[in-house]
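Asks: The structure is given below, and queries will be raised subsequently.
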Amino acid sequence: MSDALLNALAEALADVVISIDTCEDDVLDPDTAVKWLETTGFLLDRLPPADRRELARLFRRAAGRHPEGAWQDELLRIPDSFGLDDDQHELYCDAIEYVEGRFVAAVREADPATPVTTCPGWTFADLVRHHGTTQRWMEHLVRTLAAERVWSREVPLDLPDDPADYPDWLARSTAAALDTLRKVDPDTPMWSNGADQRVGYFPRRLLFEAIVHLADAELSLSREPSVTPGTAADGIEEFLENLPYFSWLAEPVARLADGSIGLSSTDTGASWTVTFGEAGFAWTKSAAAPSVHVAGPTGDLLLLMYGRRGVDDPRFRVTGDPAVLTAWLAATRF
């Protein structure tokens, strides 16, 4: 793409953003404006760090082509307002630290033999051991910049003999994983079990592992999980991006009859359409005409995708053929 085209696109986007942000309420509904800006921010968040920095540079260059004044000031504020100079890798690490802290606190309160209601047959000891193993595995992969698959059974776990000591072991596992992740350039190429073959894959993947398993613990303790809409939207897309690479999900999805699922966020306005069947699996960020449509808060849609919320949950408004959704959820149980 030419520099001229990039500059033109950046200036056009900047003008649209400023026009919406400064529009009078009687011209554009404020809720619509907020949803549009939040969706734009979410899309920009998904850009690689180098692209985010380049876009910030283009916005500032666009500002320089305008005379000093209010419009130029608004243009100069865009990179900060969308956090384009933020270190997304570090933000993922910070989010992991926060969620894992909640997870450790939750499991410390429970008897290790407490059943995990969302994972039949598991106890809290099983849940903590599983998640801590994932952390140790990811830490090993990133520290060694693995060029090929390493199985978790090949990674030293240092697991305590007494399940009562598992929460402290989990806290140590988190600290080790974050220490390693924060030391390595997220753009470094390496093997991963997902779509992104870089170090940057792992903090994002670990964050949503932590969010889902924290929800397992909280639901088992009769508490309500809480996931912010922006994080949940990122989690939905992370799940869909990596599904074709997770054989235990991709294979049952490939056996599904033709169908499609629409997801609509009632708190951000974001939407996704998932299709599957003979033509293969695909998804888009759009509201099509699916076989079944689900509308609900983004955090609850994320938990639905992971099988932690049920189809009949009153948080959702389901229209169309619920059998298609039930078949999908059975095939993609994580």
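Residue numbering restarts at 1 in every chain; chains get A, B, ... in the order shown in the structure tokens, and ligands count up from 1 in that same order.
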Could you name the residues that touch stretch 314-323 of chain A at 10 Å or less, counting only C-alpha atoms, but leaving out those on the same chain fewer than 2 positions away, as a list in words?

Replies: Gly259, Ser260, Ile261, Gly262, Leu263, Ser264, Ser265, Thr266, Ala289, Pro290, Ser291, Val292, His293, Val294, Ala295, Gly296, Pro297, Asp300, Leu301, Leu304, Arg309, Gly310, Val311, Asp312, Leu325, Thr326, Ala327, Trp328 and Leu329 of chain A

Asks: Just N, CA and C atoms for this one: save the residues we selected as a tab-separated table (two decimals), in the first residue's frame.

Replies:
chain	number	residue	atom	x	y	z
A	259	GLY	N	-24.82	-24.72	9.05
A	259	GLY	CA	-25.53	-23.81	9.95
A	259	GLY	C	-24.73	-22.55	10.17
A	260	SER	N	-25.31	-21.60	10.84
A	260	SER	CA	-24.63	-20.36	11.17
A	260	SER	C	-25.19	-19.79	12.46
A	261	ILE	N	-24.34	-19.08	13.17
A	261	ILE	CA	-24.70	-18.49	14.46
A	261	ILE	C	-24.35	-17.01	14.42
A	262	GLY	N	-25.28	-16.17	14.79
A	262	GLY	CA	-25.01	-14.75	14.92
A	262	GLY	C	-24.92	-14.37	16.39
A	263	LEU	N	-23.93	-13.58	16.74
A	263	LEU	CA	-23.75	-13.08	18.10
A	263	LEU	C	-23.80	-11.56	18.06
A	264	SER	N	-24.60	-10.97	18.93
A	264	SER	CA	-24.69	-9.51	19.00
A	264	SER	C	-24.52	-9.05	20.44
A	265	SER	N	-23.60	-8.13	20.63
A	265	SER	CA	-23.36	-7.58	21.95
A	265	SER	C	-24.36	-6.46	22.24
A	266	THR	N	-25.07	-6.58	23.35
A	266	THR	CA	-26.03	-5.56	23.72
A	266	THR	C	-25.39	-4.39	24.44
A	289	ALA	N	-27.59	-13.11	8.28
A	289	ALA	CA	-28.89	-13.72	8.54
A	289	ALA	C	-28.62	-15.17	8.94
A	290	PRO	N	-28.29	-15.41	10.20
A	290	PRO	CA	-27.86	-16.73	10.62
A	290	PRO	C	-29.02	-17.69	10.88
A	291	SER	N	-28.67	-18.97	11.09
A	291	SER	CA	-29.67	-19.96	11.46
A	291	SER	C	-30.25	-19.67	12.84
A	292	VAL	N	-29.37	-19.16	13.72
A	292	VAL	CA	-29.80	-18.81	15.07
A	292	VAL	C	-29.02	-17.57	15.49
A	293	HIS	N	-29.68	-16.69	16.23
A	293	HIS	CA	-29.06	-15.45	16.65
A	293	HIS	C	-29.15	-15.33	18.16
A	294	VAL	N	-28.04	-14.91	18.77
A	294	VAL	CA	-27.98	-14.73	20.23
A	294	VAL	C	-27.55	-13.30	20.53
A	295	ALA	N	-28.32	-12.60	21.32
A	295	ALA	CA	-27.97	-11.25	21.76
A	295	ALA	C	-27.82	-11.26	23.27
A	296	GLY	N	-26.79	-10.58	23.76
A	296	GLY	CA	-26.58	-10.52	25.20
A	296	GLY	C	-25.34	-9.71	25.52
A	297	PRO	N	-25.07	-9.47	26.80
A	297	PRO	CA	-23.86	-8.75	27.20
A	297	PRO	C	-22.61	-9.49	26.70
A	300	ASP	N	-21.05	-12.23	28.89
A	300	ASP	CA	-21.84	-13.46	28.94
A	300	ASP	C	-21.76	-14.23	27.63
A	301	LEU	N	-21.64	-13.51	26.49
A	301	LEU	CA	-21.45	-14.19	25.21
A	301	LEU	C	-20.13	-14.96	25.20
A	304	LEU	N	-20.68	-18.02	27.15
A	304	LEU	CA	-21.50	-18.93	26.36
A	304	LEU	C	-20.63	-19.69	25.37
A	309	ARG	N	-22.00	-20.56	30.18
A	309	ARG	CA	-23.39	-20.10	30.28
A	309	ARG	C	-24.24	-21.03	29.41
A	310	GLY	N	-25.49	-21.22	29.80
A	310	GLY	CA	-26.40	-22.08	29.05
A	310	GLY	C	-27.23	-21.29	28.06
A	311	VAL	N	-27.70	-21.98	27.04
A	311	VAL	CA	-28.53	-21.35	26.01
A	311	VAL	C	-29.78	-20.73	26.60
A	312	ASP	N	-30.32	-21.36	27.64
A	312	ASP	CA	-31.57	-20.89	28.22
A	312	ASP	C	-31.37	-19.81	29.30
A	325	LEU	N	-27.51	-23.91	17.68
A	325	LEU	CA	-26.65	-23.40	18.74
A	325	LEU	C	-26.25	-24.52	19.70
A	326	THR	N	-27.19	-25.38	20.05
A	326	THR	CA	-26.89	-26.50	20.95
A	326	THR	C	-25.84	-27.43	20.35
A	327	ALA	N	-25.96	-27.70	19.05
A	327	ALA	CA	-25.00	-28.58	18.37
A	327	ALA	C	-23.61	-27.93	18.36
A	328	TRP	N	-23.57	-26.61	18.09
A	328	TRP	CA	-22.29	-25.90	18.09
A	328	TRP	C	-21.63	-25.95	19.44
A	329	LEU	N	-22.39	-25.67	20.50
A	329	LEU	CA	-21.82	-25.64	21.86
A	329	LEU	C	-21.33	-27.02	22.27

Asks: Which neighbours of stretch 3-6 of chain A fall inside 12 Å, counting only C-alpha atoms, when residues of the same chain fewer than 2 positions from it are skipped, and could you give them as a list of chain:residue names?

Replies: A:Met1, A:Ala8, A:Leu9, A:Ala10, A:Glu11, A:Ala12, A:Leu13, A:Asp51, A:Glu54, A:Leu55, A:Ala56, A:Arg57, A:Leu58, A:Phe59, A:Arg61, A:Ala62

Asks: Please save N, CA, C and O atoms of the selected residues as a compact mmCIF listing (two decimals), in the first residue's frame.

Replies:
# COMPACT_ATOMS: atom_id res chain seq x y z
N MET A 1 0.85 -1.19 0.00
CA MET A 1 0.00 0.00 0.00
C MET A 1 0.88 1.24 0.00
O MET A 1 1.83 1.33 0.78
N ALA A 8 -3.90 9.10 3.27
CA ALA A 8 -5.29 9.47 3.00
C ALA A 8 -6.25 8.71 3.89
O ALA A 8 -7.21 9.30 4.43
N LEU A 9 -6.02 7.40 4.09
CA LEU A 9 -6.89 6.60 4.95
C LEU A 9 -6.82 7.07 6.40
O LEU A 9 -7.85 7.16 7.08
N ALA A 10 -5.61 7.37 6.87
CA ALA A 10 -5.46 7.83 8.25
C ALA A 10 -6.18 9.16 8.45
O ALA A 10 -6.86 9.38 9.46
N GLU A 11 -6.04 10.07 7.48
CA GLU A 11 -6.70 11.38 7.62
C GLU A 11 -8.22 11.23 7.56
O GLU A 11 -8.95 11.88 8.31
N ALA A 12 -8.69 10.35 6.68
CA ALA A 12 -10.14 10.14 6.59
C ALA A 12 -10.69 9.56 7.89
O ALA A 12 -11.73 9.99 8.38
N LEU A 13 -9.97 8.57 8.45
CA LEU A 13 -10.42 7.97 9.71
C LEU A 13 -10.39 9.00 10.83
O LEU A 13 -11.32 9.08 11.64
N ASP A 51 2.15 -1.80 13.82
CA ASP A 51 1.10 -1.13 13.05
C ASP A 51 0.42 -0.04 13.87
O ASP A 51 0.04 1.01 13.33
N GLU A 54 2.69 2.90 13.84
CA GLU A 54 2.67 3.55 12.53
C GLU A 54 1.39 4.37 12.35
O GLU A 54 1.43 5.48 11.81
N LEU A 55 0.27 3.83 12.82
CA LEU A 55 -0.98 4.58 12.70
C LEU A 55 -0.93 5.84 13.54
O LEU A 55 -1.40 6.91 13.12
N ALA A 56 -0.35 5.76 14.73
CA ALA A 56 -0.19 6.96 15.57
C ALA A 56 0.65 8.00 14.84
O ALA A 56 0.35 9.21 14.87
N ARG A 57 1.71 7.55 14.17
CA ARG A 57 2.56 8.47 13.42
C ARG A 57 1.78 9.14 12.29
O ARG A 57 1.91 10.35 12.05
N LEU A 58 0.95 8.35 11.60
CA LEU A 58 0.17 8.90 10.49
C LEU A 58 -0.86 9.91 10.99
O LEU A 58 -1.11 10.94 10.33
N PHE A 59 -1.49 9.64 12.14
CA PHE A 59 -2.43 10.60 12.71
C PHE A 59 -1.72 11.92 13.03
O PHE A 59 -2.25 13.00 12.77
N ARG A 61 1.02 13.03 11.68
CA ARG A 61 1.38 13.69 10.42
C ARG A 61 0.17 14.41 9.84
O ARG A 61 0.29 15.53 9.31
N ALA A 62 -1.01 13.76 9.92
CA ALA A 62 -2.23 14.40 9.43
C ALA A 62 -2.50 15.70 10.18
O ALA A 62 -2.90 16.71 9.59

Asks: Excluding stretch 100-114 of chain A and residues on its chain fewer than 5 positions from it, collect all residues at most 6 Å away from it, counting only C-alpha atoms, and give them as a tab-separated table (two decimals) with N, CA, C and O atoms, in the first residue's frame.

Replies:
chain	number	residue	atom	x	y	z
A	123	THR	N	-12.50	-31.38	40.57
A	123	THR	CA	-12.50	-30.68	41.85
A	123	THR	C	-11.66	-29.41	41.69
A	123	THR	O	-11.00	-29.21	40.66
A	124	PHE	N	-11.66	-28.57	42.72
A	124	PHE	CA	-10.82	-27.38	42.67
A	124	PHE	C	-9.34	-27.76	42.53
A	124	PHE	O	-8.57	-27.05	41.87
A	125	ALA	N	-8.94	-28.86	43.14
A	125	ALA	CA	-7.55	-29.31	42.99
A	125	ALA	C	-7.24	-29.60	41.52
A	125	ALA	O	-6.17	-29.23	41.01
A	167	PRO	N	-2.70	-23.59	45.69
A	167	PRO	CA	-2.84	-22.15	45.40
A	167	PRO	C	-1.51	-21.41	45.42
A	167	PRO	O	-1.26	-20.55	44.56
A	214	LEU	N	-11.19	-18.70	36.05
A	214	LEU	CA	-11.69	-17.90	37.17
A	214	LEU	C	-13.21	-17.99	37.22
A	214	LEU	O	-13.80	-18.13	38.30

Asks: Write out as an MDAnalysis selection string all residues of stretch 110-330 of chain A that DSSP puts in alpha helix (DSSP H) for this structure's backbone.

Replies: chainID A and resid 124:144 166:183 201:220 229:242 247:254 298:305 322:330

Asks: Quick one, how far is atom CA of A:Cys23 from atom CA of A:His66?

Replies: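 Calculated distance between atom CA of A:Cys23 and atom CA of A:His66 is 19.9 Å.
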
Asks: Excluding same-chain residues fewer than 3 positions from A:Arg333, what lies within 7 Å of it counting only C-alpha atoms, as a list of chain:residue names?

Replies: A:Tyr306, A:Gly307, A:Leu329, A:Ala330

Asks: Limited to C-alpha atoms, could you put the picked residues into a file as a short mmCIF file (atom, residue, chain, number, x, y, z; two decimals), in the first residue's frame?

Replies:
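Once written, out_9.cif looks like this:
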data_model
loop_
_atom_site.label_atom_id
_atom_site.label_comp_id
_atom_site.auth_asym_id
_atom_site.auth_seq_id
_atom_site.Cartn_x
_atom_site.Cartn_y
_atom_site.Cartn_z
CA TYR A 306 -16.84 -21.50 26.34
CA GLY A 307 -19.88 -23.42 27.59
CA LEU A 329 -21.82 -25.64 21.86
CA ALA A 330 -21.57 -29.43 22.16
#

Asks: Do you know which residues are at most 9 Å from A:Val199 counting only C-alpha atoms, after dropping those on the same chain fewer than 3 positions away, and could you put them as a PDB file with all heavy atoms, in the first residue's frame?

Replies:
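As written to disk, out.pdb reads:
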ATOM      1  N   VAL A 142       7.985 -20.135  25.858  1.00  0.00           N
ATOM      2  CA  VAL A 142       8.479 -18.790  25.563  1.00  0.00           C
ATOM      3  C   VAL A 142       9.937 -18.635  25.989  1.00  0.00           C
ATOM      4  O   VAL A 142      10.751 -18.052  25.258  1.00  0.00           O
ATOM      5  CB  VAL A 142       7.588 -17.727  26.235  1.00  0.00           C
ATOM      6  CG1 VAL A 142       8.179 -16.335  26.055  1.00  0.00           C
ATOM      7  CG2 VAL A 142       6.177 -17.780  25.658  1.00  0.00           C
ATOM      8  N   LEU A 145      11.928 -20.288  23.466  1.00  0.00           N
ATOM      9  CA  LEU A 145      11.533 -19.926  22.100  1.00  0.00           C
ATOM     10  C   LEU A 145      11.402 -21.185  21.245  1.00  0.00           C
ATOM     11  O   LEU A 145      12.052 -21.342  20.199  1.00  0.00           O
ATOM     12  CB  LEU A 145      12.538 -18.941  21.488  1.00  0.00           C
ATOM     13  CG  LEU A 145      12.583 -17.556  22.128  1.00  0.00           C
ATOM     14  CD1 LEU A 145      13.646 -16.685  21.472  1.00  0.00           C
ATOM     15  CD2 LEU A 145      11.215 -16.875  22.055  1.00  0.00           C
ATOM     16  N   LEU A 181       7.366 -13.747  30.118  1.00  0.00           N
ATOM     17  CA  LEU A 181       6.645 -13.047  29.055  1.00  0.00           C
ATOM     18  C   LEU A 181       7.092 -11.595  28.940  1.00  0.00           C
ATOM     19  O   LEU A 181       7.213 -11.050  27.833  1.00  0.00           O
ATOM     20  CB  LEU A 181       5.138 -13.105  29.313  1.00  0.00           C
ATOM     21  CG  LEU A 181       4.463 -14.459  29.086  1.00  0.00           C
ATOM     22  CD1 LEU A 181       3.029 -14.428  29.610  1.00  0.00           C
ATOM     23  CD2 LEU A 181       4.471 -14.816  27.601  1.00  0.00           C
ATOM     24  N   VAL A 184      10.522 -10.867  26.864  1.00  0.00           N
ATOM     25  CA  VAL A 184      10.714 -11.269  25.468  1.00  0.00           C
ATOM     26  C   VAL A 184       9.888 -10.375  24.546  1.00  0.00           C
ATOM     27  O   VAL A 184       8.727 -10.073  24.824  1.00  0.00           O
ATOM     28  CB  VAL A 184      10.315 -12.754  25.272  1.00  0.00           C
ATOM     29  CG1 VAL A 184      10.657 -13.210  23.857  1.00  0.00           C
ATOM     30  CG2 VAL A 184      11.034 -13.645  26.289  1.00  0.00           C
ATOM     31  N   ASP A 185      10.488  -9.978  23.430  1.00  0.00           N
ATOM     32  CA  ASP A 185       9.803  -9.164  22.418  1.00  0.00           C
ATOM     33  C   ASP A 185       8.612  -9.944  21.871  1.00  0.00           C
ATOM     34  O   ASP A 185       8.771 -11.068  21.390  1.00  0.00           O
ATOM     35  CB  ASP A 185      10.780  -8.856  21.281  1.00  0.00           C
ATOM     36  CG  ASP A 185      10.200  -7.917  20.230  1.00  0.00           C
ATOM     37  OD1 ASP A 185       8.962  -7.831  20.108  1.00  0.00           O
ATOM     38  OD2 ASP A 185      10.993  -7.269  19.527  1.00  0.00           O
ATOM     39  N   PRO A 186       7.393  -9.377  21.940  1.00  0.00           N
ATOM     40  CA  PRO A 186       6.214 -10.127  21.490  1.00  0.00           C
ATOM     41  C   PRO A 186       6.235 -10.470  20.001  1.00  0.00           C
ATOM     42  O   PRO A 186       5.529 -11.376  19.561  1.00  0.00           O
ATOM     43  CB  PRO A 186       5.044  -9.192  21.820  1.00  0.00           C
ATOM     44  CG  PRO A 186       5.652  -7.834  21.910  1.00  0.00           C
ATOM     45  CD  PRO A 186       7.028  -8.045  22.447  1.00  0.00           C
ATOM     46  N   ASP A 187       7.032  -9.767  19.205  1.00  0.00           N
ATOM     47  CA  ASP A 187       7.096 -10.055  17.776  1.00  0.00           C
ATOM     48  C   ASP A 187       8.082 -11.166  17.426  1.00  0.00           C
ATOM     49  O   ASP A 187       8.234 -11.516  16.255  1.00  0.00           O
ATOM     50  CB  ASP A 187       7.475  -8.787  17.000  1.00  0.00           C
ATOM     51  CG  ASP A 187       6.330  -7.787  16.938  1.00  0.00           C
ATOM     52  OD1 ASP A 187       5.168  -8.230  16.921  1.00  0.00           O
ATOM     53  OD2 ASP A 187       6.596  -6.578  16.919  1.00  0.00           O
ATOM     54  N   THR A 188       8.749 -11.734  18.425  1.00  0.00           N
ATOM     55  CA  THR A 188       9.720 -12.804  18.163  1.00  0.00           C
ATOM     56  C   THR A 188       9.008 -14.040  17.621  1.00  0.00           C
ATOM     57  O   THR A 188       8.072 -14.540  18.249  1.00  0.00           O
ATOM     58  CB  THR A 188      10.470 -13.177  19.457  1.00  0.00           C
ATOM     59  OG1 THR A 188      11.067 -12.003  20.011  1.00  0.00           O
ATOM     60  CG2 THR A 188      11.537 -14.229  19.184  1.00  0.00           C
ATOM     61  N   PRO A 189       9.443 -14.577  16.478  1.00  0.00           N
ATOM     62  CA  PRO A 189       8.796 -15.780  15.931  1.00  0.00           C
ATOM     63  C   PRO A 189       9.073 -17.007  16.797  1.00  0.00           C
ATOM     64  O   PRO A 189      10.175 -17.166  17.331  1.00  0.00           O
ATOM     65  CB  PRO A 189       9.451 -15.941  14.546  1.00  0.00           C
ATOM     66  CG  PRO A 189      10.090 -14.626  14.251  1.00  0.00           C
ATOM     67  CD  PRO A 189      10.461 -14.039  15.574  1.00  0.00           C
ATOM     68  N   MET A 190       8.085 -17.871  16.924  1.00  0.00           N
ATOM     69  CA  MET A 190       8.246 -19.137  17.634  1.00  0.00           C
ATOM     70  C   MET A 190       7.039 -20.017  17.347  1.00  0.00           C
ATOM     71  O   MET A 190       6.053 -19.573  16.744  1.00  0.00           O
ATOM     72  CB  MET A 190       8.378 -18.908  19.147  1.00  0.00           C
ATOM     73  CG  MET A 190       7.147 -18.304  19.814  1.00  0.00           C
ATOM     74  SD  MET A 190       7.260 -18.324  21.622  1.00  0.00           S
ATOM     75  CE  MET A 190       7.160 -20.092  21.967  1.00  0.00           C
ATOM     76  N   TRP A 191       7.125 -21.266  17.772  1.00  0.00           N
ATOM     77  CA  TRP A 191       5.992 -22.171  17.607  1.00  0.00           C
ATOM     78  C   TRP A 191       4.876 -21.798  18.579  1.00  0.00           C
ATOM     79  O   TRP A 191       5.130 -21.392  19.722  1.00  0.00           O
ATOM     80  CB  TRP A 191       6.412 -23.617  17.875  1.00  0.00           C
ATOM     81  CG  TRP A 191       5.261 -24.588  17.797  1.00  0.00           C
ATOM     82  CD1 TRP A 191       4.806 -25.235  16.698  1.00  0.00           C
ATOM     83  CD2 TRP A 191       4.388 -24.982  18.867  1.00  0.00           C
ATOM     84  NE1 TRP A 191       3.718 -26.009  17.002  1.00  0.00           N
ATOM     85  CE2 TRP A 191       3.429 -25.873  18.329  1.00  0.00           C
ATOM     86  CE3 TRP A 191       4.312 -24.670  20.228  1.00  0.00           C
ATOM     87  CZ2 TRP A 191       2.427 -26.458  19.096  1.00  0.00           C
ATOM     88  CZ3 TRP A 191       3.307 -25.242  21.002  1.00  0.00           C
ATOM     89  CH2 TRP A 191       2.380 -26.121  20.432  1.00  0.00           C
ATOM     90  N   SER A 192       3.644 -21.922  18.123  1.00  0.00           N
ATOM     91  CA  SER A 192       2.494 -21.858  19.027  1.00  0.00           C
ATOM     92  C   SER A 192       1.452 -22.837  18.529  1.00  0.00           C
ATOM     93  O   SER A 192       1.525 -23.295  17.383  1.00  0.00           O
ATOM     94  CB  SER A 192       1.909 -20.439  19.103  1.00  0.00           C
ATOM     95  OG  SER A 192       0.991 -20.220  18.035  1.00  0.00           O
ATOM     96  N   ASP A 196      -1.335 -17.384  15.635  1.00  0.00           N
ATOM     97  CA  ASP A 196      -0.241 -16.422  15.728  1.00  0.00           C
ATOM     98  C   ASP A 196       1.043 -17.144  16.131  1.00  0.00           C
ATOM     99  O   ASP A 196       1.152 -17.633  17.257  1.00  0.00           O
ATOM    100  CB  ASP A 196      -0.613 -15.351  16.749  1.00  0.00           C
ATOM    101  CG  ASP A 196       0.391 -14.214  16.811  1.00  0.00           C
ATOM    102  OD1 ASP A 196       1.439 -14.293  16.133  1.00  0.00           O
ATOM    103  OD2 ASP A 196       0.139 -13.242  17.547  1.00  0.00           O
ATOM    104  N   PHE A 202       1.038 -15.880  23.282  1.00  0.00           N
ATOM    105  CA  PHE A 202       0.892 -16.551  24.564  1.00  0.00           C
ATOM    106  C   PHE A 202       0.261 -15.706  25.673  1.00  0.00           C
ATOM    107  O   PHE A 202      -0.573 -16.228  26.425  1.00  0.00           O
ATOM    108  CB  PHE A 202       2.244 -17.138  24.994  1.00  0.00           C
ATOM    109  CG  PHE A 202       2.611 -18.329  24.164  1.00  0.00           C
ATOM    110  CD1 PHE A 202       3.430 -18.204  23.058  1.00  0.00           C
ATOM    111  CD2 PHE A 202       2.084 -19.575  24.458  1.00  0.00           C
ATOM    112  CE1 PHE A 202       3.734 -19.299  22.264  1.00  0.00           C
ATOM    113  CE2 PHE A 202       2.388 -20.677  23.665  1.00  0.00           C
ATOM    114  CZ  PHE A 202       3.210 -20.537  22.566  1.00  0.00           C
ATOM    115  N   PRO A 203       0.589 -14.413  25.848  1.00  0.00           N
ATOM    116  CA  PRO A 203      -0.126 -13.673  26.896  1.00  0.00           C
ATOM    117  C   PRO A 203      -1.614 -13.549  26.611  1.00  0.00           C
ATOM    118  O   PRO A 203      -2.437 -13.597  27.530  1.00  0.00           O
ATOM    119  CB  PRO A 203       0.583 -12.317  26.928  1.00  0.00           C
ATOM    120  CG  PRO A 203       1.326 -12.222  25.651  1.00  0.00           C
ATOM    121  CD  PRO A 203       1.676 -13.615  25.265  1.00  0.00           C
TER     122      PRO A 203
END

Asks: Can you pull out every residue within 9 Å of A:Pro244, counting only C-alpha atoms, but drop anything in the same chain fewer than 2 positions away, and send it as JSON, numbers by chain?

Replies: {"A": [194, 195, 240, 241, 242, 246, 247, 249, 250, 251, 253, 281]}

Asks: Using only C-alpha atoms, pick whichever of A:Ile236, A:Leu84, A:Val27, A:Leu157 has the shortest atom-to-atom distance to A:Thr134.

Replies: A:Leu157

Asks: Name the residues of stretch 212-318 of chain A that fall into strand (DSSP E) according to DSSP on the backbone, using the chain letters and numbers of this document, as an NGL selection string.

Replies: :A and (259-265 or 271-276 or 282-284 or 292-296 or 317-318)

Asks: Mind checking which residues fall within 8 Å of A:Tyr166, counting only C-alpha atoms, ignoring those fewer than 6 positions away in the same chain, and posting them as a list in words?

Replies: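 My list of contacting residues is Ala125, Val128, Arg129, Leu159 and Pro160 of chain A.
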